[in-house]
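Asks: Below are the structure tokens for one structure; questions will follow.
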Amino acid sequence: MKKMKLPALVYLILLFMTTTIAGAAAPAKISYTVSFPEAQAHYVEVEMNVSGLAQPSLEVKMPVWAPGSYLVREFAKNIESLSATANGKAVAATKINKNTWKINTAGLNSVTVKYKVYAFELSVRTSFIDVSHAFLSTTGIFLFPKGMLNQPSTIAIKPYKDWNKVSTSLEMVKGDVFTRTAPNYDILYDSPLEIGTQDIFDFDVAGTHYEVAMYGGGNYDKERLKVDMAKIISAESAVYGENPNKHYTFIVHNKQRNGGGLEHLSSTVLGASRDSYDKPGAYHGFLGLVAHEHFHLWNVKRLRPIALGPFDYDNENYTTNLWIAEGFTAYYQNIILRYAGLSNTEIFLTDMVGDINTVENQPGTKVQPLSESSFDAWIKGYRPNENSYNTGISYYDKGAVIAMLLDLEIINSSNNKYSLNDVMKYMYDTYYKGLKRGYTDAEFKAGFEKFAGKKLTDFYAKYINGLDAIDYNKYLGYAGYKLNDELASTNEPTLGVFTNTRNIITTVLRNGAGWVDGLNVGDVITHIDDTPVTDLAAAIKSKKVGDKIVVTVSRDGQAYKIPVTLKRNDTVKYSITELPNATPQQLAVRKKWLQL
Ligand SMILES: [Zn+2]
């Protein structure tokens, strides 16, 4: 950036003053009413009133994406029957692009816009309505008046039939559960609403009141959840030294099979399988999800990449730092459970080695650097195709692994004085609380270096922006651990493809036998060496590495005989094991790392 010359600066100051004076007129008042006369058909009816207008036209817009979920979802596609009225008369509302309507407001003080939204996609970032409840993901429900994102708004909720509860982090107006207010649109769009008859329990921890809204029933044990969730919240608050919320809401959608979550500033939405709370593995997974989404209230919702705020609701917001925003959160979801005593060393190391195995077995890890994986989330990570496994790497999985390496590096090189926790707190204090802005790539790198006491330029060049093979044993060795590949001595033949239960190829692995010899995704494998195939794995297992076989596939309804030379299965299955004779320094790093 070039420095601004003085005359230009004076001009800008004058312009700013003029704008301020001109904008001093009373701001417009914005209110919404949502009702559900056709909940059974999955519709919400929205009435939006904007008053205090003094402008010839008003543009109202629907966001195209939901922050935290990096995909343009075109929420305006679910809007229908939009109309505008003023003083009881129809006013022209013209659609001028995919998510914008322009309303003629010449001579009008206020205008009312009515529309319906179809909502039948229950996920953490979309809306769903049926007779049992309404989940309103606000980015897909509420139009905003262009140029008024900083304006407050109120929402009056007219519930359907027996719906009697509203769970959201939006504040009540005059103690009315069904009337909520948002100080600006960034808050409104960061505050989903669950409306219905959900089961609610609450507790206080870390100076914050927590409400958990359970939709869909399930075999959860409320008392156990209160205790375990409070442990997670305490451990996470301790990393940052504070919990910035007064109130926080967990909205949990329990379904037959469900998962995933989406973070918000003062709430989160989680998916869970309703009958799996009593299964240890699934319960561990649920607590990990709680830890993950709740950790985001600091990491990404407040301590954020500079590109992620203020949000551009019309366009993608590009950042190379989702490996910090998401990957580090994926690391913390594991280590927080260890800190909180909800997992032990063995479980923690198993969680981490799962991420390592995912990264190391995916051919795309040698193709897409971590920073690019973040930048291209919009067109790649969130839009996977049959070749994604070969071309990309998840910033969740590799980001979690990188967080572990950096944690170990900082602990070791600071002689057990600091850990990654100190970096997170320092960055939160400096950029969110102090400078009140997001961080740049260089600033976060400087944060790591401050506590590591050394330059990490080489680390970034190799592992963040480059494609070097990760030297796991160097970092694990600091804590007296090493990786052990349980499959190192095997010599199993493989076709180098993934198939489904009907022997249809779903993925052809880069440089595998199928890749080299021309098997395609979609091919149905019918015969191996002219023998009909039922159990494909057994058929291949009966061969040897280097065997030349003939694979008959049905492709587009025609049979093809394809000669394939079987290759060794190079899949790795690492475990983390203790080094014999760990030194006192290694044991001290381990103690600091795992808070033993
Ligand atoms: Zn996340």
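Chain labels follow the order of the structure tokens: the first chain is A, the next B, and so on; residue numbering restarts at 1 in every chain, and ligands are counted from 1 in their shown order.
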Return as a ChimeraX atom specification the full set of residues in segment 42-204 of chain A whose backbone-based DSSP assignment is strand (DSSP E).
Replies: /A:43-51,57-61,79-86,89-91,93-97,100-104,110-118,120-123,126-130,133-136,144-145,153-158,165-167,171-173,176-182,193-196,199-204
Asks: Can you tell me which residues surround Gly354 of chain A at a distance of at most 12 Å, considering only C-alpha atoms, apart from same-chain residues fewer than 2 positions away, and format the answer as number ranges by chain?
Replies: A: 330-331, 334, 347-352, 356-361, 397-398, 400-401, 483, 572-576
Asks: Which of segment 311-505 of chain A counts as helix (DSSP H, G or I) under DSSP, as a ChimeraX atom specification please?
Replies: /A:322-339,345-361,363-366,370-375,377-381,388-391,397-413,420-434,441-452,457-464,472-478
Asks: Could you list the protein, DNA and RNA residues that have any atom within 12 Å of ligand 1, counting only C-alpha atoms and all ligand atoms, and write them as number ranges by chain?
Replies: A: 67-70, 124, 260-264, 268-270, 288-301, 322-333, 395-397, 399-400
Asks: Of the candidates A:Ser153, A:Ser81, A:Ser371, A:Asn491, which shows the shortest atom-to-atom distance to Asp441 of chain A, using only C-alpha atoms?
Replies: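 Looking only at the distances to Asp441 of chain A, the closest residue turns out to be A:Ser371.
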Asks: If I take atom CA of Glu74 of chain A and atom CA of Glu316 of chain A, how far is one from the other in Å, to one decimal?
Replies: 11.7 Å
